[in-house]
file model.csv (CSV, N, CA and C atoms)
chain,number,residue,atom,x,y,z
H,1,MET,N,-57.2,83.3,-162.8
H,1,MET,CA,-56.3,84.4,-163.2
H,1,MET,C,-55.1,84.4,-162.3
H,2,VAL,N,-53.9,84.3,-162.8
H,2,VAL,CA,-52.7,84.4,-162.0
H,2,VAL,C,-52.1,85.8,-162.1
H,3,ILE,N,-51.8,86.3,-160.9
H,3,ILE,CA,-51.2,87.6,-160.8
H,3,ILE,C,-49.8,87.4,-160.3
H,4,LYS,N,-48.8,87.9,-161.0
H,4,LYS,CA,-47.4,87.7,-160.6
H,4,LYS,C,-46.8,89.0,-160.0
H,5,ASP,N,-47.4,90.1,-160.2
H,5,ASP,CA,-46.9,91.4,-159.8
H,5,ASP,C,-47.5,91.8,-158.5
H,6,LEU,N,-46.6,92.1,-157.5
H,6,LEU,CA,-47.0,92.5,-156.2
H,6,LEU,C,-47.8,93.8,-156.3
H,7,ASP,N,-47.4,94.8,-157.1
H,7,ASP,CA,-48.1,96.1,-157.2
H,7,ASP,C,-49.5,95.9,-157.7
H,8,LYS,N,-49.7,95.1,-158.7
H,8,LYS,CA,-51.0,94.8,-159.2
H,8,LYS,C,-51.9,94.1,-158.2
H,9,MET,N,-51.3,93.2,-157.4
H,9,MET,CA,-52.1,92.5,-156.4
H,9,MET,C,-52.5,93.4,-155.3
H,10,GLU,N,-51.6,94.4,-154.9
H,10,GLU,CA,-51.9,95.3,-153.9
H,10,GLU,C,-53.1,96.2,-154.3
H,11,LYS,N,-53.1,96.6,-155.6
H,11,LYS,CA,-54.2,97.4,-156.2
H,11,LYS,C,-55.5,96.6,-156.1
H,12,ILE,N,-55.5,95.3,-156.5
H,12,ILE,CA,-56.7,94.5,-156.4
H,12,ILE,C,-57.2,94.4,-155.0
H,13,VAL,N,-56.4,94.1,-154.0
H,13,VAL,CA,-56.8,94.0,-152.6
H,13,VAL,C,-57.4,95.3,-152.1
H,14,SER,N,-56.7,96.4,-152.5
H,14,SER,CA,-57.2,97.7,-152.0
H,14,SER,C,-58.6,98.1,-152.6
H,15,LYS,N,-59.0,97.6,-153.7
H,15,LYS,CA,-60.2,97.9,-154.4
H,15,LYS,C,-61.3,96.9,-154.0
H,16,ASN,N,-61.0,95.8,-153.3
H,16,ASN,CA,-62.0,94.8,-152.9
H,16,ASN,C,-62.1,94.7,-151.4
H,17,LYS,N,-63.2,95.1,-150.9
H,17,LYS,CA,-63.4,95.0,-149.4
H,17,LYS,C,-63.4,93.6,-148.8
H,18,ASN,N,-63.6,92.6,-149.7
H,18,ASN,CA,-63.6,91.2,-149.2
H,18,ASN,C,-62.2,90.7,-149.1
H,19,LEU,N,-61.3,91.3,-149.7
H,19,LEU,CA,-59.9,90.7,-149.8
H,19,LEU,C,-59.0,91.4,-148.7
H,20,ASN,N,-58.2,90.6,-148.1
H,20,ASN,CA,-57.3,91.0,-147.0
H,20,ASN,C,-56.0,90.3,-147.1
H,21,TRP,N,-54.9,91.0,-146.8
H,21,TRP,CA,-53.6,90.3,-146.7
H,21,TRP,C,-53.5,89.5,-145.4
H,22,VAL,N,-53.0,88.3,-145.5
H,22,VAL,CA,-52.6,87.5,-144.4
H,22,VAL,C,-51.2,87.0,-144.7
H,23,GLY,N,-50.2,87.8,-144.2
H,23,GLY,CA,-48.9,87.6,-144.6
H,23,GLY,C,-48.7,87.9,-146.1
H,24,TRP,N,-48.2,86.9,-146.8
H,24,TRP,CA,-48.1,87.1,-148.3
H,24,TRP,C,-49.3,86.5,-149.0
H,25,ASP,N,-50.2,85.9,-148.3
H,25,ASP,CA,-51.4,85.2,-148.9
H,25,ASP,C,-52.6,86.2,-148.9
H,26,ILE,N,-53.6,85.9,-149.7
H,26,ILE,CA,-54.8,86.7,-149.8
H,26,ILE,C,-56.0,85.9,-149.2
H,27,ALA,N,-56.7,86.6,-148.3
H,27,ALA,CA,-57.9,86.0,-147.7
H,27,ALA,C,-59.2,86.7,-148.3
H,28,ASP,N,-60.1,85.9,-148.8
H,28,ASP,CA,-61.3,86.4,-149.3
H,28,ASP,C,-62.4,86.0,-148.3
H,29,ARG,N,-62.8,87.1,-147.5
H,29,ARG,CA,-63.8,86.8,-146.4
H,29,ARG,C,-65.2,87.4,-146.8
H,30,ARG,N,-66.2,86.6,-146.5
H,30,ARG,CA,-67.5,87.0,-146.7
H,30,ARG,C,-68.3,86.9,-145.4
H,31,ARG,N,-68.8,88.0,-144.9
H,31,ARG,CA,-69.4,88.0,-143.6
H,31,ARG,C,-70.7,87.2,-143.6
H,32,THR,N,-70.9,86.2,-142.7
H,32,THR,CA,-72.1,85.4,-142.5
H,32,THR,C,-72.0,84.7,-141.2
H,33,GLU,N,-73.2,84.6,-140.6
H,33,GLU,CA,-73.3,83.8,-139.4
H,33,GLU,C,-73.0,82.3,-139.6
H,34,ALA,N,-73.1,81.9,-140.9
H,34,ALA,CA,-72.8,80.5,-141.2
H,34,ALA,C,-71.4,80.1,-141.0
H,35,GLY,N,-70.5,81.1,-140.9
H,35,GLY,CA,-69.1,80.9,-140.6
H,35,GLY,C,-68.9,80.3,-139.2
H,36,ARG,N,-69.9,80.4,-138.3
H,36,ARG,CA,-69.8,79.8,-137.0
H,36,ARG,C,-69.7,78.3,-137.0
H,37,THR,N,-70.3,77.7,-138.0
H,37,THR,CA,-70.2,76.2,-138.1
H,37,THR,C,-69.5,75.7,-139.4
H,38,ALA,N,-69.1,76.6,-140.2
H,38,ALA,CA,-68.5,76.2,-141.5
H,38,ALA,C,-67.0,75.8,-141.2
H,39,ILE,N,-66.5,74.8,-142.0
H,39,ILE,CA,-65.2,74.4,-141.9
H,39,ILE,C,-64.2,75.5,-142.2
H,40,ASN,N,-64.5,76.4,-143.0
H,40,ASN,CA,-63.6,77.5,-143.4
H,40,ASN,C,-64.1,78.8,-142.7
H,41,GLY,N,-64.8,78.7,-141.6
H,41,GLY,CA,-65.3,79.8,-140.9
H,41,GLY,C,-64.2,80.4,-140.0
H,42,VAL,N,-64.2,81.7,-139.9
H,42,VAL,CA,-63.2,82.4,-139.0
H,42,VAL,C,-64.0,83.6,-138.3
H,43,ARG,N,-63.4,83.9,-137.2
H,43,ARG,CA,-64.0,85.0,-136.4
H,43,ARG,C,-63.0,86.1,-136.4
H,44,VAL,N,-63.4,87.3,-136.9
H,44,VAL,CA,-62.5,88.4,-136.9
H,44,VAL,C,-63.2,89.6,-136.3
H,45,ASP,N,-62.6,90.2,-135.3
H,45,ASP,CA,-63.1,91.3,-134.6
H,45,ASP,C,-64.5,91.1,-134.1
H,46,GLY,N,-64.8,89.9,-133.6
H,46,GLY,CA,-66.1,89.5,-133.1
H,46,GLY,C,-67.2,89.2,-134.1
H,47,LEU,N,-66.8,89.1,-135.4
H,47,LEU,CA,-67.8,88.8,-136.4
H,47,LEU,C,-67.4,87.5,-137.1
H,48,TRP,N,-68.4,86.8,-137.6
H,48,TRP,CA,-68.1,85.5,-138.3
H,48,TRP,C,-68.0,85.7,-139.8
H,49,TYR,N,-67.1,85.0,-140.4
H,49,TYR,CA,-66.9,85.1,-141.9
H,49,TYR,C,-66.6,83.7,-142.4
H,50,VAL,N,-66.9,83.5,-143.7
H,50,VAL,CA,-66.4,82.3,-144.4
H,50,VAL,C,-65.3,82.8,-145.2
H,51,GLN,N,-64.1,82.1,-145.1
H,51,GLN,CA,-62.9,82.6,-145.7
H,51,GLN,C,-62.3,81.5,-146.7
H,52,THR,N,-61.8,82.1,-147.8
H,52,THR,CA,-61.1,81.3,-148.8
H,52,THR,C,-59.7,82.0,-148.9
H,53,VAL,N,-58.7,81.2,-148.8
H,53,VAL,CA,-57.3,81.8,-148.9
H,53,VAL,C,-56.6,81.4,-150.2
H,54,TYR,N,-56.1,82.4,-150.8
H,54,TYR,CA,-55.3,82.2,-152.1
H,54,TYR,C,-53.8,82.3,-151.7
H,55,LEU,N,-53.1,81.2,-151.8
H,55,LEU,CA,-51.7,81.2,-151.4
H,55,LEU,C,-50.8,81.7,-152.4
H,56,LEU,N,-49.8,82.4,-152.0
H,56,LEU,CA,-48.7,82.8,-152.9
H,56,LEU,C,-47.9,81.6,-153.3
H,57,THR,N,-47.8,81.3,-154.6
H,57,THR,CA,-46.9,80.2,-155.0
H,57,THR,C,-45.8,80.7,-155.9
H,58,SER,N,-45.0,79.9,-156.4
H,58,SER,CA,-43.9,80.3,-157.3
H,58,SER,C,-44.4,80.9,-158.6
H,59,ASN,N,-45.7,80.7,-158.9
H,59,ASN,CA,-46.3,81.3,-160.1
H,59,ASN,C,-47.0,82.6,-159.8
H,60,GLY,N,-47.2,82.9,-158.5
H,60,GLY,CA,-48.0,84.1,-158.1
H,60,GLY,C,-49.2,83.7,-157.4
H,61,TRP,N,-50.2,84.6,-157.4
H,61,TRP,CA,-51.5,84.4,-156.7
H,61,TRP,C,-52.5,83.9,-157.8
H,62,ASP,N,-53.1,82.8,-157.6
H,62,ASP,CA,-54.2,82.3,-158.5
H,62,ASP,C,-55.5,82.7,-157.9
H,63,ILE,N,-56.1,83.8,-158.4
H,63,ILE,CA,-57.4,84.3,-157.8
H,63,ILE,C,-58.5,84.2,-158.9
H,64,PRO,N,-59.7,84.3,-158.4
H,64,PRO,CA,-60.9,84.1,-159.4
H,64,PRO,C,-60.9,85.3,-160.3
H,65,ASN,N,-61.4,85.1,-161.5
H,65,ASN,CA,-61.5,86.1,-162.5
H,65,ASN,C,-62.4,87.3,-162.1
H,66,LYS,N,-63.3,87.1,-161.2
H,66,LYS,CA,-64.2,88.2,-160.7
H,66,LYS,C,-63.4,89.4,-160.1
H,67,TYR,N,-62.1,89.2,-159.8
H,67,TYR,CA,-61.3,90.2,-159.2
H,67,TYR,C,-60.4,90.9,-160.3
H,68,ARG,N,-60.7,90.6,-161.6
H,68,ARG,CA,-59.8,91.1,-162.6
H,68,ARG,C,-60.0,92.6,-162.7
H,69,MET,N,-58.9,93.3,-163.0
H,69,MET,CA,-58.9,94.8,-163.1
H,69,MET,C,-58.8,95.2,-164.5
call {"tool": "encode", "arguments": {"input": "model.csv", "output": "structure tokens"}}
result
Amino acid sequence: MVIKDLDKMEKIVSKNKNLNWVGWDIADRRRTEAGRTAINGVRVDGLWYVQTVYLLTSNGWDIPNKYRM
């Protein structure tokens, strides 16, 4: 699902605790100790997460349909 509207994207991020803004991009973080050794693992505030980043492109943000509003 491609979201082109910033206001709509802000609503989606505010309603989903796994989604976070990283600049203009969206990070989908799932807390797990597996993040310690995962290639897409990140440490945030002392906790490990597996992170998927949805980049802002000229078409908008292409995010999974599970975040549809």
call {"tool": "select_by_dssp", "arguments": {"input": "model.csv", "residues": "chain H", "states": "strand (DSSP E or B)", "output": "ChimeraX atom specification"}}
result
/H:2-3,19-22,25-31,41-44,47-54,56-57,60-62
call {"tool": "closest_residue", "arguments": {"input": "model.csv", "among": "H:Lys4, H:Asp62, H:Asn18, H:Tyr49", "to": "Gly35 of chain H", "atoms": "only C-alpha atoms"}}
result
H:Tyr49
call {"tool": "closest_residue", "arguments": {"input": "model.csv", "among": "H:Ala34, H:Ile26, H:Val13, H:Ile3", "to": "Leu56 of chain H", "atoms": "all atoms listed in the file"}}
result
H:Ile26
call {"tool": "closest_residue", "arguments": {"input": "model.csv", "among": "H:Ile63, H:Leu47, H:Met69, H:Asn40", "to": "Lys15 of chain H", "atoms": "only C-alpha atoms"}}
result
H:Met69
call {"tool": "atom_distance", "arguments": {"input": "model.csv", "atom1": "atom N of Thr52 of chain H", "atom2": "atom C of Asn20 of chain H"}}
result
10.1 Å
call {"tool": "atom_distance", "arguments": {"input": "model.csv", "atom1": "atom C of Val42 of chain H", "atom2": "atom C of Arg68 of chain H"}}
result
26.3 Å
call {"tool": "select_by_dssp", "arguments": {"input": "model.csv", "residues": "chain H", "states": "helix (DSSP H, G or I)", "output": "PDB file with N, CA and C atoms, in the frame of the given file"}}
result
ATOM      1  N   LEU H   6     -46.600  92.100-157.500  1.00  0.00           N
ATOM      2  CA  LEU H   6     -47.000  92.500-156.200  1.00  0.00           C
ATOM      3  C   LEU H   6     -47.800  93.800-156.300  1.00  0.00           C
ATOM      4  N   ASP H   7     -47.400  94.800-157.100  1.00  0.00           N
ATOM      5  CA  ASP H   7     -48.100  96.100-157.200  1.00  0.00           C
ATOM      6  C   ASP H   7     -49.500  95.900-157.700  1.00  0.00           C
ATOM      7  N   LYS H   8     -49.700  95.100-158.700  1.00  0.00           N
ATOM      8  CA  LYS H   8     -51.000  94.800-159.200  1.00  0.00           C
ATOM      9  C   LYS H   8     -51.900  94.100-158.200  1.00  0.00           C
ATOM     10  N   MET H   9     -51.300  93.200-157.400  1.00  0.00           N
ATOM     11  CA  MET H   9     -52.100  92.500-156.400  1.00  0.00           C
ATOM     12  C   MET H   9     -52.500  93.400-155.300  1.00  0.00           C
ATOM     13  N   GLU H  10     -51.600  94.400-154.900  1.00  0.00           N
ATOM     14  CA  GLU H  10     -51.900  95.300-153.900  1.00  0.00           C
ATOM     15  C   GLU H  10     -53.100  96.200-154.300  1.00  0.00           C
ATOM     16  N   LYS H  11     -53.100  96.600-155.600  1.00  0.00           N
ATOM     17  CA  LYS H  11     -54.200  97.400-156.200  1.00  0.00           C
ATOM     18  C   LYS H  11     -55.500  96.600-156.100  1.00  0.00           C
ATOM     19  N   ILE H  12     -55.500  95.300-156.500  1.00  0.00           N
ATOM     20  CA  ILE H  12     -56.700  94.500-156.400  1.00  0.00           C
ATOM     21  C   ILE H  12     -57.200  94.400-155.000  1.00  0.00           C
ATOM     22  N   VAL H  13     -56.400  94.100-154.000  1.00  0.00           N
ATOM     23  CA  VAL H  13     -56.800  94.000-152.600  1.00  0.00           C
ATOM     24  C   VAL H  13     -57.400  95.300-152.100  1.00  0.00           C
ATOM     25  N   SER H  14     -56.700  96.400-152.500  1.00  0.00           N
ATOM     26  CA  SER H  14     -57.200  97.700-152.000  1.00  0.00           C
ATOM     27  C   SER H  14     -58.600  98.100-152.600  1.00  0.00           C
ATOM     28  N   LYS H  15     -59.000  97.600-153.700  1.00  0.00           N
ATOM     29  CA  LYS H  15     -60.200  97.900-154.400  1.00  0.00           C
ATOM     30  C   LYS H  15     -61.300  96.900-154.000  1.00  0.00           C
ATOM     31  N   GLU H  33     -73.200  84.600-140.600  1.00  0.00           N
ATOM     32  CA  GLU H  33     -73.300  83.800-139.400  1.00  0.00           C
ATOM     33  C   GLU H  33     -73.000  82.300-139.600  1.00  0.00           C
ATOM     34  N   ALA H  34     -73.100  81.900-140.900  1.00  0.00           N
ATOM     35  CA  ALA H  34     -72.800  80.500-141.200  1.00  0.00           C
ATOM     36  C   ALA H  34     -71.400  80.100-141.000  1.00  0.00           C
ATOM     37  N   GLY H  35     -70.500  81.100-140.900  1.00  0.00           N
ATOM     38  CA  GLY H  35     -69.100  80.900-140.600  1.00  0.00           C
ATOM     39  C   GLY H  35     -68.900  80.300-139.200  1.00  0.00           C
ATOM     40  N   ARG H  36     -69.900  80.400-138.300  1.00  0.00           N
ATOM     41  CA  ARG H  36     -69.800  79.800-137.000  1.00  0.00           C
ATOM     42  C   ARG H  36     -69.700  78.300-137.000  1.00  0.00           C
ATOM     43  N   ASN H  65     -61.400  85.100-161.500  1.00  0.00           N
ATOM     44  CA  ASN H  65     -61.500  86.100-162.500  1.00  0.00           C
ATOM     45  C   ASN H  65     -62.400  87.300-162.100  1.00  0.00           C
ATOM     46  N   LYS H  66     -63.300  87.100-161.200  1.00  0.00           N
ATOM     47  CA  LYS H  66     -64.200  88.200-160.700  1.00  0.00           C
ATOM     48  C   LYS H  66     -63.400  89.400-160.100  1.00  0.00           C
ATOM     49  N   TYR H  67     -62.100  89.200-159.800  1.00  0.00           N
ATOM     50  CA  TYR H  67     -61.300  90.200-159.200  1.00  0.00           C
ATOM     51  C   TYR H  67     -60.400  90.900-160.300  1.00  0.00           C
TER      52      TYR H  67
END
call {"tool": "closest_residue", "arguments": {"input": "model.csv", "among": "H:Arg31, H:Gly60, H:Asn65, H:Gly41", "to": "Asp5 of chain H", "atoms": "only C-alpha atoms"}}
result
H:Gly60
